[in-house]
Protein chains: 2
Amino acid sequence: MREFLKQNIKKHISLSDNETDQFCNLFHQKLIKKKSFLLQQGEICKFEGFVTKGLFRVYYNDKNGFDQILYFAAENWWITDIDSFTNASPSQLFIQALEDSVVLLISKDDKEFAYKNLPQIEKLFRVMTQKTHVALQRRMINNLSKPAEERYMEFIEKYPQLTQRLSNIQIAAYLGITNVFLSNIRKKIAHK
Amino acid sequence: MREFLKQNIKKHISLSDNETDQFCNLFHQKLIKKKSFLLQQGEICKFEGFVTKGLFRVYYNDKNGFDQILYFAAENWWITDIDSFTNASPSQLFIQALEDSVVLLISKDDKEFAYKNLPQIEKLFRVMTQKTHVALQRRMINNLSKPAEERYMEFIEKYPQLTQRLSNIQIAAYLGITNVFLSNIRKKIAHK
């Protein structure tokens, strides 16, 4: 399972095999059953996770009680609540497995250890955080600047495999529309 | 003007005076008149900026033609479109001065030079990007999970000086509400 993590690291930085092992050994594997939670609102997030199997949704409850999905995370994605993890504050987020899943988790102390002893890890997380930030900024801008149909088309083009694994309910929640509205969009596209 | 930048750096990393100068000398000062743009939609963002004087708004046009403000940036804040800057893609954002302003700008090449020659700079931008990301995530969650009145109260408590410098129109746009609705909130608060 650590092979996925090693490949992910190699994409961004050049570590020796020994250093890679040293870093990867700081992670602990955790199995999460479908529908179980890796994090719940109110808890302090004590991990950064790397998904090696399965699928998660990261979401929060809006003021009307609806689940608002920030993002999905499948294999090779990183998951955490960076706010709660960094500031040791109660999380506003839920991280729930949508399939039986496996994650590799690193604690705050072990991450600090890595920053001190393997300076390249600074670069790894600088680049990762930049990418995550770009994704969130795009999502925020697109939500208000593009109609739902266009956002749906972009989603299925960008994540064809994810689309197969997600229920209509999850995709609709991600797009911030009702299930009925998503069905209408699908019908409209099918007739084109 | 570079003193602000030096103090900002010192908060996050330990560089020698020599290294600090070396890094700060990579920045070029730019004066921006009130209402002028540092970046406009469609342009490629070729800088990361540090505000030493003045005030900016970073915003985009939504699908109804309204300005949606991502954030304000006054003295000691960093400004860029990280998406456009990183990926050399046309920006969706406008960065406009709301007062006569001064910024220190660093180019992509000079930032890469700093990463290579002053490894601590990786940490500086890892921490900065993390903070920016936390701020955006909080903003996205709060927009949908807290009513406008609560968000207004939080804004004026967190940024009392900024509140003094901003027009009601700008604050209303930041909160995603109309000017009239903001006036009503203010009247309600005054009567409490």
# chains A, B, ... in the order shown; residues from 1 in each chain; ligands from 1
>>> residues_around(residues="Ile185 of chain A", least_positions_apart="4", cutoff="9 Å", atoms="only C-alpha atoms", output="PDB file with N, CA and C atoms, in the first residue's frame")
ATOM      1  N   ALA A 148     -24.942  25.130 -13.363  1.00  0.00           N
ATOM      2  CA  ALA A 148     -24.784  23.747 -12.885  1.00  0.00           C
ATOM      3  C   ALA A 148     -24.493  22.773 -14.031  1.00  0.00           C
ATOM      4  N   GLU A 149     -25.139  22.992 -15.180  1.00  0.00           N
ATOM      5  CA  GLU A 149     -24.945  22.062 -16.300  1.00  0.00           C
ATOM      6  C   GLU A 149     -23.478  22.043 -16.741  1.00  0.00           C
ATOM      7  N   TYR A 152     -21.390  20.299 -14.161  1.00  0.00           N
ATOM      8  CA  TYR A 152     -21.578  18.847 -14.238  1.00  0.00           C
ATOM      9  C   TYR A 152     -20.750  18.255 -15.374  1.00  0.00           C
ATOM     10  N   VAL A 180     -33.212  15.895  -8.400  1.00  0.00           N
ATOM     11  CA  VAL A 180     -34.166  16.053  -9.516  1.00  0.00           C
ATOM     12  C   VAL A 180     -33.559  16.954 -10.594  1.00  0.00           C
ATOM     13  N   PHE A 181     -32.915  18.032 -10.146  1.00  0.00           N
ATOM     14  CA  PHE A 181     -32.293  18.970 -11.081  1.00  0.00           C
ATOM     15  C   PHE A 181     -31.153  18.278 -11.849  1.00  0.00           C
ATOM     16  N   ILE A 189     -28.807  16.513 -21.590  1.00  0.00           N
ATOM     17  CA  ILE A 189     -27.557  16.156 -22.275  1.00  0.00           C
ATOM     18  C   ILE A 189     -27.785  14.951 -23.194  1.00  0.00           C
ATOM     19  N   ALA A 190     -28.557  13.976 -22.702  1.00  0.00           N
ATOM     20  CA  ALA A 190     -28.825  12.763 -23.484  1.00  0.00           C
ATOM     21  C   ALA A 190     -29.570  13.089 -24.775  1.00  0.00           C
TER      22      ALA A 190
END
>>> residues_around(residues="Ser36 of chain B", least_positions_apart="4", cutoff="9 Å", atoms="only C-alpha atoms", output="list in words")
Ile32, Ile95, Gln96, Ala97, Leu98 and Asp100 of chain B
>>> interface_residues(of="chain B", to="chain A", cutoff="7 Å", atoms="only C-alpha atoms", output="short mmCIF file (atom, residue, chain, number, x, y, z; two decimals) with C-alpha atoms, in the first residue's frame")
data_model
loop_
_atom_site.label_atom_id
_atom_site.label_comp_id
_atom_site.auth_asym_id
_atom_site.auth_seq_id
_atom_site.Cartn_x
_atom_site.Cartn_y
_atom_site.Cartn_z
CA ASN B 61 -17.43 38.33 -11.92
CA ASP B 62 -20.18 35.80 -11.20
CA LYS B 63 -22.59 34.49 -13.83
CA ILE B 82 -1.96 31.33 -7.25
CA ASP B 83 -3.81 29.33 -9.95
CA GLU B 122 10.05 26.57 0.93
CA LYS B 123 8.90 26.67 4.54
CA PHE B 125 5.56 29.65 1.36
CA ARG B 126 4.40 26.28 2.74
CA THR B 129 -0.12 28.84 1.49
CA GLN B 130 -1.46 26.82 4.43
CA HIS B 133 -5.92 27.87 2.32
CA VAL B 134 -7.34 27.80 5.85
CA LEU B 144 -23.14 28.62 3.61
CA SER B 145 -23.26 27.73 7.28
CA LYS B 146 -23.68 31.12 8.97
#
>>> select_by_dssp(residues="segment 26-142 of chain B", states="strand (DSSP E or B)", output="ChimeraX atom specification")
/B:28-32,37-39,44,48-53,56-61,67-73,78-79,90,94-97,101-106
>>> select_by_dssp(residues="segment 13-190 of chain A", states="alpha helix (DSSP H)", output="short mmCIF file (atom, residue, chain, number, x, y, z; two decimals) with C-alpha atoms, in the first residue's frame")
data_model
loop_
_atom_site.label_atom_id
_atom_site.label_comp_id
_atom_site.auth_asym_id
_atom_site.auth_seq_id
_atom_site.Cartn_x
_atom_site.Cartn_y
_atom_site.Cartn_z
CA ASP A 17 15.22 5.37 -1.24
CA ASN A 18 16.38 5.51 2.35
CA GLU A 19 14.79 8.92 2.97
CA THR A 20 11.59 7.84 1.23
CA ASP A 21 11.35 4.81 3.53
CA GLN A 22 12.10 6.98 6.55
CA PHE A 23 9.23 9.30 5.62
CA CYS A 24 6.77 6.56 4.62
CA ILE A 82 -5.98 21.54 7.43
CA ASP A 83 -7.64 24.21 9.63
CA SER A 84 -8.32 21.86 12.54
CA PHE A 85 -5.00 19.99 12.04
CA THR A 86 -2.89 23.17 11.99
CA ASN A 87 -4.69 25.10 14.71
CA LYS A 108 1.31 16.26 13.60
CA ASP A 109 4.42 15.32 15.63
CA ASP A 110 5.63 12.94 12.94
CA LYS A 111 5.03 15.58 10.26
CA GLU A 112 7.06 18.09 12.27
CA PHE A 113 9.76 15.43 12.66
CA ALA A 114 9.81 15.01 8.87
CA TYR A 115 10.04 18.79 8.28
CA LYS A 116 13.06 18.96 10.59
CA ASN A 117 14.90 15.87 9.39
CA GLN A 120 12.56 18.25 1.08
CA ILE A 121 9.28 17.40 2.80
CA GLU A 122 8.71 21.17 3.10
CA LYS A 123 8.63 21.31 -0.68
CA LEU A 124 6.31 18.29 -0.92
CA PHE A 125 3.70 19.92 1.30
CA ARG A 126 4.26 23.39 -0.16
CA VAL A 127 3.40 22.00 -3.59
CA MET A 128 0.54 19.82 -2.27
CA THR A 129 -1.02 22.72 -0.34
CA GLN A 130 -0.69 24.95 -3.41
CA LYS A 131 -2.54 22.37 -5.53
CA THR A 132 -5.25 21.92 -2.90
CA HIS A 133 -5.62 25.68 -2.67
CA VAL A 134 -5.89 26.09 -6.44
CA ALA A 135 -8.59 23.37 -6.49
CA LEU A 136 -10.60 25.06 -3.73
CA GLN A 137 -10.29 28.50 -5.33
CA ARG A 138 -11.47 27.12 -8.69
CA ARG A 139 -14.37 25.36 -6.98
CA MET A 140 -15.40 28.55 -5.17
CA ILE A 141 -15.21 30.68 -8.34
CA ASN A 142 -16.93 28.09 -10.55
CA ASN A 143 -19.81 27.62 -8.10
CA LEU A 144 -20.87 31.20 -8.64
CA SER A 145 -19.63 31.88 -12.15
CA ALA A 148 -24.78 23.75 -12.89
CA GLU A 149 -24.95 22.06 -16.30
CA GLU A 150 -21.50 23.34 -17.24
CA ARG A 151 -20.07 22.33 -13.85
CA TYR A 152 -21.58 18.85 -14.24
CA MET A 153 -20.05 18.43 -17.71
CA GLU A 154 -16.66 19.53 -16.39
CA PHE A 155 -16.93 17.12 -13.45
CA ILE A 156 -17.68 14.03 -15.56
CA GLU A 157 -14.98 14.95 -18.07
CA LYS A 158 -12.36 15.56 -15.38
CA PRO A 160 -14.83 9.90 -15.39
CA GLN A 161 -13.90 7.06 -13.01
CA LEU A 162 -15.13 8.92 -9.94
CA THR A 163 -18.45 9.56 -11.71
CA GLN A 164 -18.91 5.78 -12.09
CA ARG A 165 -18.29 5.19 -8.38
CA ASN A 168 -26.38 10.63 -8.19
CA ILE A 169 -27.13 11.94 -4.71
CA GLN A 170 -23.42 12.52 -4.01
CA ILE A 171 -22.78 14.20 -7.37
CA ALA A 172 -25.83 16.46 -6.92
CA ALA A 173 -24.65 17.41 -3.40
CA TYR A 174 -21.18 18.23 -4.79
CA LEU A 175 -22.73 20.47 -7.45
CA ASN A 179 -31.17 15.17 -7.31
CA VAL A 180 -34.17 16.05 -9.52
CA PHE A 181 -32.29 18.97 -11.08
CA LEU A 182 -29.33 16.67 -11.83
CA SER A 183 -31.69 14.17 -13.51
CA ASN A 184 -33.05 16.99 -15.67
CA ILE A 185 -29.52 18.02 -16.67
CA ARG A 186 -28.71 14.39 -17.59
CA LYS A 187 -31.88 14.07 -19.69
CA LYS A 188 -31.11 17.34 -21.46
CA ILE A 189 -27.56 16.16 -22.27
CA ALA A 190 -28.82 12.76 -23.48
#
>>> decode(residues="segment 46-95 of chain A", atoms="N, CA and C atoms", output="PDB file, in the first residue's frame")
ATOM      1  N   LYS A  46      -6.386  15.042  13.912  1.00  0.00           N
ATOM      2  CA  LYS A  46      -5.016  14.760  14.345  1.00  0.00           C
ATOM      3  C   LYS A  46      -4.185  14.043  13.296  1.00  0.00           C
ATOM      4  N   PHE A  47      -4.615  14.125  12.050  1.00  0.00           N
ATOM      5  CA  PHE A  47      -3.900  13.395  10.998  1.00  0.00           C
ATOM      6  C   PHE A  47      -3.906  14.155   9.677  1.00  0.00           C
ATOM      7  N   GLU A  48      -2.941  13.807   8.852  1.00  0.00           N
ATOM      8  CA  GLU A  48      -3.078  14.053   7.429  1.00  0.00           C
ATOM      9  C   GLU A  48      -3.085  12.675   6.808  1.00  0.00           C
ATOM     10  N   GLY A  49      -3.977  12.436   5.858  1.00  0.00           N
ATOM     11  CA  GLY A  49      -4.139  11.092   5.336  1.00  0.00           C
ATOM     12  C   GLY A  49      -3.880  11.017   3.845  1.00  0.00           C
ATOM     13  N   PHE A  50      -3.432   9.846   3.416  1.00  0.00           N
ATOM     14  CA  PHE A  50      -3.230   9.573   1.996  1.00  0.00           C
ATOM     15  C   PHE A  50      -4.041   8.326   1.673  1.00  0.00           C
ATOM     16  N   VAL A  51      -4.970   8.436   0.727  1.00  0.00           N
ATOM     17  CA  VAL A  51      -5.883   7.329   0.422  1.00  0.00           C
ATOM     18  C   VAL A  51      -5.188   6.318  -0.493  1.00  0.00           C
ATOM     19  N   THR A  52      -5.137   5.050  -0.058  1.00  0.00           N
ATOM     20  CA  THR A  52      -4.531   4.012  -0.916  1.00  0.00           C
ATOM     21  C   THR A  52      -5.605   3.114  -1.511  1.00  0.00           C
ATOM     22  N   LYS A  53      -6.807   3.130  -0.943  1.00  0.00           N
ATOM     23  CA  LYS A  53      -7.918   2.332  -1.488  1.00  0.00           C
ATOM     24  C   LYS A  53      -9.227   2.970  -1.043  1.00  0.00           C
ATOM     25  N   GLY A  54     -10.191   3.001  -1.947  1.00  0.00           N
ATOM     26  CA  GLY A  54     -11.522   3.462  -1.559  1.00  0.00           C
ATOM     27  C   GLY A  54     -11.805   4.900  -1.929  1.00  0.00           C
ATOM     28  N   LEU A  55     -12.781   5.451  -1.251  1.00  0.00           N
ATOM     29  CA  LEU A  55     -13.321   6.750  -1.632  1.00  0.00           C
ATOM     30  C   LEU A  55     -13.945   7.446  -0.415  1.00  0.00           C
ATOM     31  N   PHE A  56     -13.639   8.728  -0.269  1.00  0.00           N
ATOM     32  CA  PHE A  56     -14.174   9.504   0.847  1.00  0.00           C
ATOM     33  C   PHE A  56     -14.910  10.741   0.334  1.00  0.00           C
ATOM     34  N   ARG A  57     -15.814  11.239   1.168  1.00  0.00           N
ATOM     35  CA  ARG A  57     -16.371  12.570   0.897  1.00  0.00           C
ATOM     36  C   ARG A  57     -16.042  13.453   2.102  1.00  0.00           C
ATOM     37  N   VAL A  58     -15.619  14.682   1.823  1.00  0.00           N
ATOM     38  CA  VAL A  58     -15.305  15.659   2.859  1.00  0.00           C
ATOM     39  C   VAL A  58     -16.389  16.720   2.789  1.00  0.00           C
ATOM     40  N   TYR A  59     -17.158  16.884   3.879  1.00  0.00           N
ATOM     41  CA  TYR A  59     -18.318  17.766   3.795  1.00  0.00           C
ATOM     42  C   TYR A  59     -18.632  18.448   5.124  1.00  0.00           C
ATOM     43  N   TYR A  60     -19.530  19.411   5.074  1.00  0.00           N
ATOM     44  CA  TYR A  60     -19.998  20.079   6.282  1.00  0.00           C
ATOM     45  C   TYR A  60     -21.505  20.306   6.167  1.00  0.00           C
ATOM     46  N   ASN A  61     -22.134  20.603   7.295  1.00  0.00           N
ATOM     47  CA  ASN A  61     -23.578  20.892   7.303  1.00  0.00           C
ATOM     48  C   ASN A  61     -23.786  22.374   7.126  1.00  0.00           C
ATOM     49  N   ASP A  62     -24.633  22.770   6.174  1.00  0.00           N
ATOM     50  CA  ASP A  62     -24.901  24.203   6.008  1.00  0.00           C
ATOM     51  C   ASP A  62     -26.001  24.644   6.975  1.00  0.00           C
ATOM     52  N   LYS A  63     -26.355  25.926   6.924  1.00  0.00           N
ATOM     53  CA  LYS A  63     -27.295  26.454   7.923  1.00  0.00           C
ATOM     54  C   LYS A  63     -28.710  25.902   7.770  1.00  0.00           C
ATOM     55  N   ASN A  64     -28.982  25.250   6.628  1.00  0.00           N
ATOM     56  CA  ASN A  64     -30.290  24.632   6.433  1.00  0.00           C
ATOM     57  C   ASN A  64     -30.263  23.125   6.695  1.00  0.00           C
ATOM     58  N   GLY A  65     -29.119  22.651   7.184  1.00  0.00           N
ATOM     59  CA  GLY A  65     -29.018  21.224   7.509  1.00  0.00           C
ATOM     60  C   GLY A  65     -28.615  20.344   6.344  1.00  0.00           C
ATOM     61  N   PHE A  66     -28.281  20.956   5.203  1.00  0.00           N
ATOM     62  CA  PHE A  66     -27.861  20.161   4.055  1.00  0.00           C
ATOM     63  C   PHE A  66     -26.357  19.861   4.114  1.00  0.00           C
ATOM     64  N   ASP A  67     -25.965  18.701   3.575  1.00  0.00           N
ATOM     65  CA  ASP A  67     -24.539  18.369   3.467  1.00  0.00           C
ATOM     66  C   ASP A  67     -23.955  19.111   2.275  1.00  0.00           C
ATOM     67  N   GLN A  68     -22.918  19.904   2.521  1.00  0.00           N
ATOM     68  CA  GLN A  68     -22.213  20.592   1.430  1.00  0.00           C
ATOM     69  C   GLN A  68     -20.864  19.905   1.259  1.00  0.00           C
ATOM     70  N   ILE A  69     -20.652  19.321   0.086  1.00  0.00           N
ATOM     71  CA  ILE A  69     -19.417  18.556  -0.129  1.00  0.00           C
ATOM     72  C   ILE A  69     -18.292  19.474  -0.602  1.00  0.00           C
ATOM     73  N   LEU A  70     -17.189  19.476   0.159  1.00  0.00           N
ATOM     74  CA  LEU A  70     -16.024  20.262  -0.260  1.00  0.00           C
ATOM     75  C   LEU A  70     -15.284  19.547  -1.378  1.00  0.00           C
ATOM     76  N   TYR A  71     -14.997  18.267  -1.161  1.00  0.00           N
ATOM     77  CA  TYR A  71     -14.356  17.470  -2.222  1.00  0.00           C
ATOM     78  C   TYR A  71     -14.474  15.982  -1.939  1.00  0.00           C
ATOM     79  N   PHE A  72     -14.246  15.183  -2.985  1.00  0.00           N
ATOM     80  CA  PHE A  72     -14.138  13.735  -2.837  1.00  0.00           C
ATOM     81  C   PHE A  72     -12.652  13.379  -2.845  1.00  0.00           C
ATOM     82  N   ALA A  73     -12.300  12.273  -2.216  1.00  0.00           N
ATOM     83  CA  ALA A  73     -10.904  11.829  -2.237  1.00  0.00           C
ATOM     84  C   ALA A  73     -10.854  10.326  -2.478  1.00  0.00           C
ATOM     85  N   ALA A  74     -10.318   9.936  -3.632  1.00  0.00           N
ATOM     86  CA  ALA A  74     -10.136   8.516  -3.948  1.00  0.00           C
ATOM     87  C   ALA A  74      -8.632   8.193  -3.848  1.00  0.00           C
ATOM     88  N   GLU A  75      -8.237   7.065  -4.407  1.00  0.00           N
ATOM     89  CA  GLU A  75      -6.840   6.640  -4.339  1.00  0.00           C
ATOM     90  C   GLU A  75      -5.896   7.769  -4.788  1.00  0.00           C
ATOM     91  N   ASN A  76      -4.785   7.912  -4.074  1.00  0.00           N
ATOM     92  CA  ASN A  76      -3.729   8.903  -4.367  1.00  0.00           C
ATOM     93  C   ASN A  76      -4.089  10.346  -4.003  1.00  0.00           C
ATOM     94  N   TRP A  77      -5.201  10.536  -3.308  1.00  0.00           N
ATOM     95  CA  TRP A  77      -5.556  11.875  -2.834  1.00  0.00           C
ATOM     96  C   TRP A  77      -5.193  12.006  -1.360  1.00  0.00           C
ATOM     97  N   TRP A  78      -4.891  13.224  -0.969  1.00  0.00           N
ATOM     98  CA  TRP A  78      -4.619  13.522   0.436  1.00  0.00           C
ATOM     99  C   TRP A  78      -5.901  14.033   1.091  1.00  0.00           C
ATOM    100  N   ILE A  79      -6.120  13.651   2.353  1.00  0.00           N
ATOM    101  CA  ILE A  79      -7.292  14.159   3.079  1.00  0.00           C
ATOM    102  C   ILE A  79      -6.920  14.602   4.491  1.00  0.00           C
ATOM    103  N   THR A  80      -7.495  15.722   4.873  1.00  0.00           N
ATOM    104  CA  THR A  80      -7.333  16.243   6.222  1.00  0.00           C
ATOM    105  C   THR A  80      -8.296  17.416   6.373  1.00  0.00           C
ATOM    106  N   ASP A  81      -8.467  17.919   7.593  1.00  0.00           N
ATOM    107  CA  ASP A  81      -9.002  19.269   7.761  1.00  0.00           C
ATOM    108  C   ASP A  81      -7.813  20.116   8.167  1.00  0.00           C
ATOM    109  N   ILE A  82      -7.228  20.816   7.206  1.00  0.00           N
ATOM    110  CA  ILE A  82      -5.976  21.544   7.434  1.00  0.00           C
ATOM    111  C   ILE A  82      -6.146  22.611   8.524  1.00  0.00           C
ATOM    112  N   ASP A  83      -7.349  23.189   8.624  1.00  0.00           N
ATOM    113  CA  ASP A  83      -7.636  24.210   9.630  1.00  0.00           C
ATOM    114  C   ASP A  83      -7.539  23.591  11.028  1.00  0.00           C
ATOM    115  N   SER A  84      -8.297  22.535  11.243  1.00  0.00           N
ATOM    116  CA  SER A  84      -8.317  21.860  12.540  1.00  0.00           C
ATOM    117  C   SER A  84      -6.948  21.240  12.858  1.00  0.00           C
ATOM    118  N   PHE A  85      -6.306  20.636  11.867  1.00  0.00           N
ATOM    119  CA  PHE A  85      -4.998  19.985  12.039  1.00  0.00           C
ATOM    120  C   PHE A  85      -3.934  21.012  12.430  1.00  0.00           C
ATOM    121  N   THR A  86      -3.924  22.158  11.741  1.00  0.00           N
ATOM    122  CA  THR A  86      -2.889  23.173  11.990  1.00  0.00           C
ATOM    123  C   THR A  86      -3.136  23.901  13.304  1.00  0.00           C
ATOM    124  N   ASN A  87      -4.396  24.248  13.565  1.00  0.00           N
ATOM    125  CA  ASN A  87      -4.692  25.099  14.715  1.00  0.00           C
ATOM    126  C   ASN A  87      -5.229  24.343  15.934  1.00  0.00           C
ATOM    127  N   ALA A  88      -5.285  23.011  15.824  1.00  0.00           N
ATOM    128  CA  ALA A  88      -5.815  22.166  16.914  1.00  0.00           C
ATOM    129  C   ALA A  88      -7.171  22.687  17.398  1.00  0.00           C
ATOM    130  N   SER A  89      -8.002  23.103  16.437  1.00  0.00           N
ATOM    131  CA  SER A  89      -9.346  23.616  16.741  1.00  0.00           C
ATOM    132  C   SER A  89     -10.392  22.577  16.324  1.00  0.00           C
ATOM    133  N   PRO A  90     -11.577  22.598  16.954  1.00  0.00           N
ATOM    134  CA  PRO A  90     -12.612  21.627  16.584  1.00  0.00           C
ATOM    135  C   PRO A  90     -12.981  21.757  15.108  1.00  0.00           C
ATOM    136  N   SER A  91     -13.066  20.640  14.446  1.00  0.00           N
ATOM    137  CA  SER A  91     -13.331  20.653  13.001  1.00  0.00           C
ATOM    138  C   SER A  91     -14.787  20.978  12.698  1.00  0.00           C
ATOM    139  N   GLN A  92     -14.999  21.632  11.568  1.00  0.00           N
ATOM    140  CA  GLN A  92     -16.367  21.865  11.076  1.00  0.00           C
ATOM    141  C   GLN A  92     -16.752  20.783  10.058  1.00  0.00           C
ATOM    142  N   LEU A  93     -15.795  19.894   9.795  1.00  0.00           N
ATOM    143  CA  LEU A  93     -15.971  18.951   8.688  1.00  0.00           C
ATOM    144  C   LEU A  93     -16.247  17.512   9.133  1.00  0.00           C
ATOM    145  N   PHE A  94     -16.856  16.781   8.232  1.00  0.00           N
ATOM    146  CA  PHE A  94     -16.972  15.328   8.336  1.00  0.00           C
ATOM    147  C   PHE A  94     -16.142  14.722   7.201  1.00  0.00           C
ATOM    148  N   ILE A  95     -15.406  13.658   7.506  1.00  0.00           N
ATOM    149  CA  ILE A  95     -14.745  12.883   6.444  1.00  0.00           C
ATOM    150  C   ILE A  95     -15.285  11.464   6.553  1.00  0.00           C
TER     151      ILE A  95
END
